[in-house]
Every structure is written in structure tokens, then in C-alpha cells.
$ cat model-v7.cif   # mmCIF, C-alpha atoms
data_my_file
#
loop_
_atom_site.label_atom_id
_atom_site.label_comp_id
_atom_site.auth_asym_id
_atom_site.auth_seq_id
_atom_site.Cartn_x
_atom_site.Cartn_y
_atom_site.Cartn_z
CA PHE A 1 119.27 46.55 171.11
CA ASP A 2 116.41 49.05 170.92
CA GLY A 3 115.33 51.11 167.96
CA LEU A 4 114.86 54.82 168.52
CA ARG A 5 111.48 56.57 168.51
CA GLY A 6 109.63 53.66 170.08
CA GLU A 7 110.57 51.08 167.44
CA PRO A 8 110.52 47.47 168.65
CA ALA A 9 113.57 45.93 170.29
CA LEU A 10 115.64 43.37 168.38
CA ARG A 11 117.36 40.69 170.42
CA ILE A 12 120.65 39.34 169.10
CA SER A 13 123.21 36.84 170.33
CA ARG A 14 126.70 38.05 171.17
CA PHE A 15 127.91 35.05 169.17
CA ASP A 16 126.64 36.76 166.03
CA ALA A 17 129.10 39.56 166.76
CA SER A 18 131.37 38.72 163.83
CA ARG A 19 128.50 39.61 161.47
CA LEU A 20 127.76 42.96 163.14
CA SER A 21 130.78 44.95 162.03
CA GLU A 22 128.68 46.85 159.50
CA LEU A 23 126.58 48.32 162.32
CA ASN A 24 129.11 50.99 163.15
CA ASP A 25 126.58 53.78 162.65
CA THR A 26 124.88 53.79 166.05
CA SER A 27 122.91 56.96 165.38
CA ARG A 28 119.95 54.75 164.47
CA TRP A 29 120.31 52.36 167.40
CA GLN A 30 120.58 52.28 171.16
CA PHE A 31 122.55 49.19 172.19
CA ARG A 32 122.26 47.35 175.47
CA GLY A 33 125.58 45.60 176.00
CA GLN A 34 127.00 47.39 172.95
CA GLU A 35 130.50 47.54 174.37
CA ASP A 36 130.79 43.79 174.93
CA VAL A 37 129.23 42.85 171.59
CA MET A 38 131.26 45.26 169.50
CA SER A 39 134.44 44.39 171.42
CA LEU A 40 133.93 40.75 170.52
CA ALA A 41 133.31 41.70 166.88
CA GLU A 42 136.52 43.72 166.82
CA ARG A 43 138.53 40.89 168.38
CA LEU A 44 137.25 38.37 165.85
CA SER A 45 137.95 40.75 162.97
CA ALA A 46 141.44 41.54 164.23
CA ALA A 47 142.24 37.87 164.70
CA GLN A 48 142.36 37.42 160.90
CA GLY A 49 141.40 33.79 161.16
CA VAL A 50 143.08 30.91 162.94
CA SER A 51 146.85 31.20 163.27
CA PRO A 52 149.19 28.16 163.31
CA ILE A 53 150.33 27.08 166.75
CA ALA A 54 153.09 24.77 167.93
CA PRO A 55 151.94 21.51 169.61
CA PRO A 56 152.66 21.15 173.34
CA GLY A 57 156.15 20.00 174.16
CA GLY A 58 155.00 17.05 176.25
CA LEU A 59 152.76 15.51 173.59
CA GLN A 60 153.93 12.00 172.77
CA LEU A 61 152.32 12.01 169.34
CA GLN A 62 153.18 13.46 165.95
CA LEU A 63 150.10 15.38 164.91
CA ARG A 64 149.06 15.26 161.27
CA THR A 65 148.66 18.56 159.45
CA TYR A 66 144.87 18.63 159.79
CA GLN A 67 145.18 17.76 163.50
CA GLN A 68 147.57 20.69 164.01
CA GLU A 69 144.95 22.87 162.31
CA GLY A 70 142.32 21.43 164.67
CA LEU A 71 144.51 22.27 167.67
CA ALA A 72 144.94 25.83 166.41
CA TRP A 73 141.16 26.14 165.98
CA LEU A 74 140.53 24.91 169.54
CA GLN A 75 143.02 27.45 170.84
CA PHE A 76 141.32 30.18 168.81
CA LEU A 77 137.98 29.34 170.43
CA ARG A 78 139.54 29.41 173.89
CA GLU A 79 141.30 32.73 173.25
CA HIS A 80 138.06 34.40 172.19
CA ARG A 81 135.92 32.73 174.85
CA LEU A 82 133.83 30.85 172.31
CA ALA A 83 132.47 27.30 172.29
CA GLY A 84 132.49 24.89 169.38
CA ILE A 85 131.91 21.47 167.88
CA LEU A 86 134.82 19.38 166.59
CA ALA A 87 132.91 17.18 164.14
CA ASP A 88 135.63 15.32 162.25
CA ASP A 89 134.75 11.94 160.78
CA MET A 90 135.31 8.92 163.00
CA GLY A 91 138.93 7.79 162.94
CA LEU A 92 140.48 11.22 162.41
CA GLY A 93 141.68 11.61 166.00
CA LYS A 94 139.28 13.96 167.76
CA THR A 95 140.46 12.64 171.14
CA ALA A 96 144.10 13.26 170.23
CA GLN A 97 143.31 16.84 169.20
CA ALA A 98 141.40 17.45 172.42
CA LEU A 99 144.28 16.03 174.47
CA ALA A 100 146.80 18.22 172.66
CA HIS A 101 144.57 21.21 173.46
CA LEU A 102 144.36 20.25 177.14
CA LEU A 103 148.10 19.66 177.40
CA LEU A 104 148.81 23.01 175.78
CA GLU A 105 146.50 24.65 178.32
CA LYS A 106 148.43 22.96 181.15
CA GLU A 107 151.85 23.90 179.78
CA ALA A 108 150.67 27.52 179.39
CA GLY A 109 149.53 27.59 183.03
CA ARG A 110 145.87 28.05 182.18
CA LEU A 111 144.67 24.64 183.42
CA ASP A 112 144.32 25.83 187.00
CA CYS A 113 141.19 23.76 187.54
CA PRO A 114 140.22 20.43 185.97
CA ALA A 115 138.77 19.68 182.57
CA LEU A 116 135.64 17.52 182.85
CA ILE A 117 135.05 15.02 180.04
CA VAL A 118 131.60 13.44 179.71
CA LEU A 119 131.60 10.38 177.49
CA PRO A 120 129.82 7.11 176.74
CA THR A 121 130.85 4.26 179.05
CA SER A 122 132.34 2.40 176.09
CA LEU A 123 134.96 5.15 175.58
CA VAL A 124 136.36 5.30 179.13
CA PHE A 125 139.16 2.84 178.35
CA ASN A 126 140.00 4.64 175.10
CA TRP A 127 140.40 8.00 176.85
CA LYS A 128 142.48 6.51 179.67
CA ASP A 129 144.70 4.72 177.15
CA GLU A 130 145.28 7.81 175.00
CA VAL A 131 146.03 10.02 177.99
CA GLU A 132 148.62 7.51 179.25
CA ARG A 133 150.23 7.14 175.82
CA PHE A 134 150.05 10.64 174.37
CA ALA A 135 149.80 13.04 177.34
CA PRO A 136 151.18 11.22 180.39
CA SER A 137 151.83 14.47 182.26
CA LEU A 138 148.07 15.09 182.52
CA ARG A 139 146.82 13.89 185.91
CA LEU A 140 143.76 11.77 185.18
CA LEU A 141 140.85 10.84 187.46
CA SER A 142 138.25 8.39 186.16
CA LEU A 143 134.99 8.60 188.11
CA HIS A 144 133.63 5.24 187.05
CA GLY A 145 132.48 2.30 189.13
CA ALA A 146 131.36 2.06 192.75
CA GLU A 147 134.71 3.32 194.07
CA ARG A 148 134.12 6.74 192.46
CA LYS A 149 131.97 7.81 195.43
CA SER A 150 135.03 8.05 197.66
CA ARG A 151 136.98 10.15 195.16
CA PHE A 152 134.80 13.18 194.46
CA SER A 153 136.76 15.29 196.93
CA GLU A 154 139.90 14.65 194.86
CA ILE A 155 138.53 16.36 191.73
CA PRO A 156 140.45 19.65 192.22
CA ASN A 157 143.73 17.72 192.39
CA TYR A 158 143.53 16.48 188.79
CA ASP A 159 143.91 17.95 185.30
CA VAL A 160 141.36 15.73 183.58
CA VAL A 161 138.27 14.14 185.12
CA LEU A 162 136.25 11.50 183.27
CA THR A 163 132.59 10.76 183.90
CA THR A 164 129.94 9.05 181.79
CA TYR A 165 126.51 10.05 180.53
CA PRO A 166 124.71 7.40 182.63
CA LEU A 167 126.46 8.67 185.79
CA LEU A 168 126.15 12.37 185.08
CA TRP A 169 122.76 12.95 186.67
CA ARG A 170 123.42 10.47 189.50
CA ASP A 171 126.58 12.37 190.50
CA ALA A 172 125.18 15.83 189.78
CA THR A 173 125.39 17.04 193.39
CA GLU A 174 129.08 16.21 193.63
CA LEU A 175 130.11 17.29 190.12
CA THR A 176 128.40 20.68 190.32
CA GLN A 177 130.35 21.61 193.45
CA TYR A 178 133.45 22.40 191.43
CA ARG A 179 134.49 24.79 188.67
CA TYR A 180 136.06 23.44 185.48
CA HIS A 181 138.43 25.01 182.99
CA LEU A 182 136.87 23.06 180.13
CA LEU A 183 133.78 20.91 179.72
CA ILE A 184 133.94 18.41 176.85
CA LEU A 185 131.01 16.31 175.70
CA ASP A 186 132.41 13.38 173.71
CA GLU A 187 130.03 11.72 171.25
CA ALA A 188 127.81 14.67 172.11
CA GLN A 189 124.98 13.37 169.94
CA THR A 190 124.42 10.81 172.74
CA VAL A 191 122.40 13.46 174.59
CA LYS A 192 119.65 13.89 172.02
CA ASN A 193 116.92 14.94 174.43
CA ALA A 194 117.59 18.48 175.63
CA ARG A 195 115.06 17.94 178.43
CA SER A 196 116.81 14.87 179.83
CA GLN A 197 118.31 14.78 183.31
CA GLY A 198 121.82 14.62 181.88
CA ALA A 199 121.24 17.66 179.69
CA GLU A 200 120.01 19.60 182.71
CA VAL A 201 123.18 18.75 184.65
CA VAL A 202 125.34 19.90 181.72
CA ARG A 203 123.72 23.33 181.88
CA ARG A 204 124.41 23.59 185.61
CA LEU A 205 128.12 22.77 185.37
CA ASP A 206 130.39 25.80 185.85
CA ALA A 207 132.97 25.74 183.05
CA ARG A 208 134.99 28.52 181.42
CA HIS A 209 134.96 26.84 178.01
CA ARG A 210 132.75 24.23 176.37
CA LEU A 211 133.41 21.83 173.53
CA CYS A 212 131.48 19.06 171.80
CA LEU A 213 133.11 16.14 169.96
CA THR A 214 131.01 14.19 167.48
CA GLY A 215 131.56 12.03 164.42
CA THR A 216 127.94 12.34 163.32
CA PRO A 217 127.39 14.49 160.21
CA LEU A 218 125.48 17.37 161.75
CA GLU A 219 124.05 18.48 158.43
CA ASN A 220 121.97 15.29 158.39
CA HIS A 221 120.71 15.60 161.98
CA LEU A 222 119.46 19.11 162.63
CA GLY A 223 117.76 18.09 165.87
CA GLU A 224 121.10 16.96 167.27
CA LEU A 225 122.68 20.15 165.98
CA TRP A 226 120.22 22.27 167.96
CA SER A 227 120.72 20.17 171.11
CA GLN A 228 124.49 20.59 170.99
CA PHE A 229 124.29 24.34 170.46
CA ASP A 230 121.78 24.52 173.30
CA PHE A 231 124.54 23.10 175.55
CA LEU A 232 127.33 25.22 174.08
CA LEU A 233 125.72 28.58 173.34
CA PRO A 234 122.24 28.66 174.89
CA GLY A 235 119.84 30.75 172.84
CA PHE A 236 122.11 31.04 169.79
CA LEU A 237 119.74 28.99 167.60
CA GLY A 238 116.61 30.09 169.42
CA SER A 239 114.16 27.84 171.21
CA SER A 240 113.54 24.30 170.05
CA ALA A 241 110.10 25.29 168.74
CA ASN A 242 111.44 28.26 166.77
CA PHE A 243 114.32 26.20 165.37
CA LEU A 244 111.83 23.59 164.20
CA ARG A 245 109.64 26.24 162.60
CA TYR A 246 112.28 28.39 160.91
CA TRP A 247 115.03 25.88 160.16
CA ARG A 248 114.24 22.16 160.48
CA THR A 249 110.88 22.13 158.71
CA PRO A 250 111.96 24.33 155.76
CA ILE A 251 115.23 22.43 155.33
CA GLU A 252 114.23 18.84 156.06
CA LYS A 253 110.67 18.77 154.77
CA LEU A 254 110.55 21.54 152.17
CA GLY A 255 114.09 21.21 150.79
CA ASP A 256 114.80 24.92 151.25
CA ASP A 257 118.44 25.16 150.15
CA ASP A 258 118.65 28.91 150.81
CA ARG A 259 117.67 28.34 154.42
CA ARG A 260 120.21 25.50 154.67
CA GLN A 261 122.97 27.79 153.44
CA LEU A 262 121.94 30.53 155.86
CA LEU A 263 122.11 28.08 158.77
CA ALA A 264 125.49 26.77 157.61
CA ARG A 265 126.82 30.33 157.47
CA ARG A 266 125.58 31.09 160.96
CA ILE A 267 127.16 28.06 162.63
CA ARG A 268 130.34 27.95 160.51
CA PRO A 269 132.59 29.79 163.01
CA PHE A 270 131.71 27.26 165.71
CA VAL A 271 131.99 23.95 163.82
CA LEU A 272 135.08 22.24 162.43
CA ARG A 273 134.40 19.20 160.30
CA ARG A 274 136.84 17.28 158.10
CA LYS A 275 135.99 14.15 156.09
CA LYS A 276 138.30 11.19 155.61
CA GLU A 277 138.45 11.68 151.87
CA ASP A 278 139.56 15.27 152.36
CA VAL A 279 142.53 14.56 154.65
#

$ encode --input "model-v7.cif" --output "C-alpha cells"
Amino acid sequence: FDGLRGEPALRISRFDASRLSELNDTSRWQFRGQEDVMSLAERLSAAQGVSPIAPPGGLQLQLRTYQQEGLAWLQFLREHRLAGILADDMGLGKTAQALAHLLLEKEAGRLDCPALIVLPTSLVFNWKDEVERFAPSLRLLSLHGAERKSRFSEIPNYDVVLTTYPLLWRDATELTQYRYHLLILDEAQTVKNARSQGAEVVRRLDARHRLCLTGTPLENHLGELWSQFDFLLPGFLGSSANFLRYWRTPIEKLGDDDRRQLLARRIRPFVLRRKKEDV
């Protein structure tokens, strides 16, 4: 938005909208995109946090309490058109929570185009197994192996499509032809280099909603944190150079705890992390 009387413009992210509610006095400001930003702020304020939600009827798994809370959080993000990082410790069932979210989307009639899951090759079997056991009504297409080349045209016929990080850039032409309801990056810390070919393909994919799954403690890997937000909410944490200057260097090298707390506050609405000892 622009200050009056020739004052310099201040660029903000719409994802900071929840912190802008105090800017109701617009006599001092001229907003560009004010309606969208303030509408988002009002929606987030009116939401009064994440509300409990019933698991999908077809889920063949009894969700634990914290997993039900994770499902409700994922639904909250989807409802408000936000992206996020599910960063639970390894072993706490991030895949199960994601599947419950996808199945709920299908049962609600919102999964009208596929969800694309990008994952390490080592997790293909795990995803296929959990879909078959816990959400068998989800139609699954695994684009893995030489035979995948004959199946790209089938993508719109499925609910969930699996591809791997090594194949992402090789199959970019085919994958970018379609629109996706949800794009999930599993073990998202795998793509550490934001300038890599795979990262470039991720940015080109047309998806309504985006989600990262990771078991890596983000507070210990700020470079990975920036990379994941660059996929999810481009520009939210600034450029890589600015993030290094204003956040990584003060926090990692200078031990600036105030800056660490400021960063934690900024990303808190978009990250859900539970530790094993807490659940």
C-alpha cells in the first residue's frame, strides 16, 4: 500500500493479513488490493481458530486425538485458501492425516481434479500401502517406472497421483498439462535447492492448495524453512538473500533470540508441529 503525500510504498504479503486488523483507520493509507487483504483478515479473525471436524466416513483408521486436530487444521487451511507445513515428528502419522484430508475433500465433492503427491522414491510403496488400507475409495495412480509414460493421459481420472522428486523434472511437460486440487510435497526438505529443476517444476504446477510434509525440525534448518515457504507462499519470507540477511544470519550466527521469536510468530499460522513426547 502507498502512503499519502508522496511517502514511500510499503509492500506486504496477503498472508500477513491476520496481523493487519489494527489498520482499520485507512485515512493515513491508500491500499492497493485493500479489499482482498482486509477480507482475508476478517475471515481469519471470524474463524476463531481451528474448529473440530468429524473424520471422513470412509476412513479405515481410528485417528488419534492429535491426528484429528491435524485434520481440522488442514481443513482450516483449505477453507481459507492458505498453504502450510505439517511438520510432526517422524512416526506420528503425517501420511494418515493427509489421506484423511484428501478423503474428506472427496466425500465433500471438492476433489473434482486430482491431488498430486511428490515424494522420495523410497516412500512410493508406503503411500500405496496406506491408501489401500486406510482410504481404499481413493483412486490411486502411481507414475513410477517405465510404464508411467503411457499413463499420463489418465491423470484426470484419478483422485491421487504419485510422482517422485527424481522424475518430477523429467515429466514436467506432462505433469504441468493438468490442474490439481492439492499439491503435496512429502519429505519436502528433500528439495533443498530452490534453484533446482524440481523446484522450478513445483512452481509451475497449477494447484488450488499446497501442503508440505516434513519430519525435520524446521527451527534447526532455516534454509530449508525458506525453501518450503518459497514453494508454498512465494515472497512471504522475502528473497533468499534478504532472508539470509535479516533472519538466518542474526539467528544462526548471532544468536538473536528476539529475531527468532519474531520469525516463529510470523510463520506460526502456517506450521503445525507436534513432538512425540507431547502426544

$ atom_distance --input "model-v7.cif" --atom1 "CA of Leu61 in chain A" --atom2 "CA of Phe134 in chain A"
5.7 Å

$ closest_residue --input "model-v7.cif" --among "A:Leu92, A:Leu175, A:Ala108, A:Ala115" --to "Thr65 in chain A" --atoms "all atoms listed in the file"
A:Leu92

$ residues_around --input "model-v7.cif" --residues "range 161-163 of chain A" --least-positions-apart "3" --cutoff "12 Å" --atoms "only C-alpha atoms" --output "compact mmCIF listing (two decimals) with C-alpha atoms, keeping the file's coordinate frame"
# COMPACT_ATOMS: atom_id res chain seq x y z
CA LEU A 102 144.36 20.25 177.14
CA CYS A 113 141.19 23.76 187.54
CA PRO A 114 140.22 20.43 185.97
CA ALA A 115 138.77 19.68 182.57
CA LEU A 116 135.64 17.52 182.85
CA ILE A 117 135.05 15.02 180.04
CA VAL A 118 131.60 13.44 179.71
CA LEU A 119 131.60 10.38 177.49
CA PRO A 120 129.82 7.11 176.74
CA THR A 121 130.85 4.26 179.05
CA SER A 122 132.34 2.40 176.09
CA LEU A 123 134.96 5.15 175.58
CA VAL A 124 136.36 5.30 179.13
CA PHE A 125 139.16 2.84 178.35
CA ASN A 126 140.00 4.64 175.10
CA TRP A 127 140.40 8.00 176.85
CA LYS A 128 142.48 6.51 179.67
CA VAL A 131 146.03 10.02 177.99
CA LEU A 138 148.07 15.09 182.52
CA ARG A 139 146.82 13.89 185.91
CA LEU A 140 143.76 11.77 185.18
CA LEU A 141 140.85 10.84 187.46
CA SER A 142 138.25 8.39 186.16
CA LEU A 143 134.99 8.60 188.11
CA HIS A 144 133.63 5.24 187.05
CA GLY A 145 132.48 2.30 189.13
CA ARG A 148 134.12 6.74 192.46
CA LYS A 149 131.97 7.81 195.43
CA ARG A 151 136.98 10.15 195.16
CA PHE A 152 134.80 13.18 194.46
CA SER A 153 136.76 15.29 196.93
CA GLU A 154 139.90 14.65 194.86
CA ILE A 155 138.53 16.36 191.73
CA PRO A 156 140.45 19.65 192.22
CA ASN A 157 143.73 17.72 192.39
CA TYR A 158 143.53 16.48 188.79
CA PRO A 166 124.71 7.40 182.63
CA LEU A 167 126.46 8.67 185.79
CA LEU A 168 126.15 12.37 185.08
CA TRP A 169 122.76 12.95 186.67
CA ARG A 170 123.42 10.47 189.50
CA ASP A 171 126.58 12.37 190.50
CA ALA A 172 125.18 15.83 189.78
CA GLU A 174 129.08 16.21 193.63
CA LEU A 175 130.11 17.29 190.12
CA TYR A 178 133.45 22.40 191.43
CA ARG A 179 134.49 24.79 188.67
CA TYR A 180 136.06 23.44 185.48
CA HIS A 181 138.43 25.01 182.99
CA LEU A 182 136.87 23.06 180.13
CA LEU A 183 133.78 20.91 179.72
CA ILE A 184 133.94 18.41 176.85
CA LEU A 185 131.01 16.31 175.70
CA ASP A 186 132.41 13.38 173.71
CA GLY A 198 121.82 14.62 181.88
CA VAL A 202 125.34 19.90 181.72

$ closest_residue --input "model-v7.cif" --among "A:Arg81, A:Arg260, A:Arg274, A:His101" --to "Val160 in chain A" --atoms "only C-alpha atoms"
A:His101

$ atom_distance --input "model-v7.cif" --atom1 "CA of Leu262 in chain A" --atom2 "CA of Gly235 in chain A"
17.1 Å
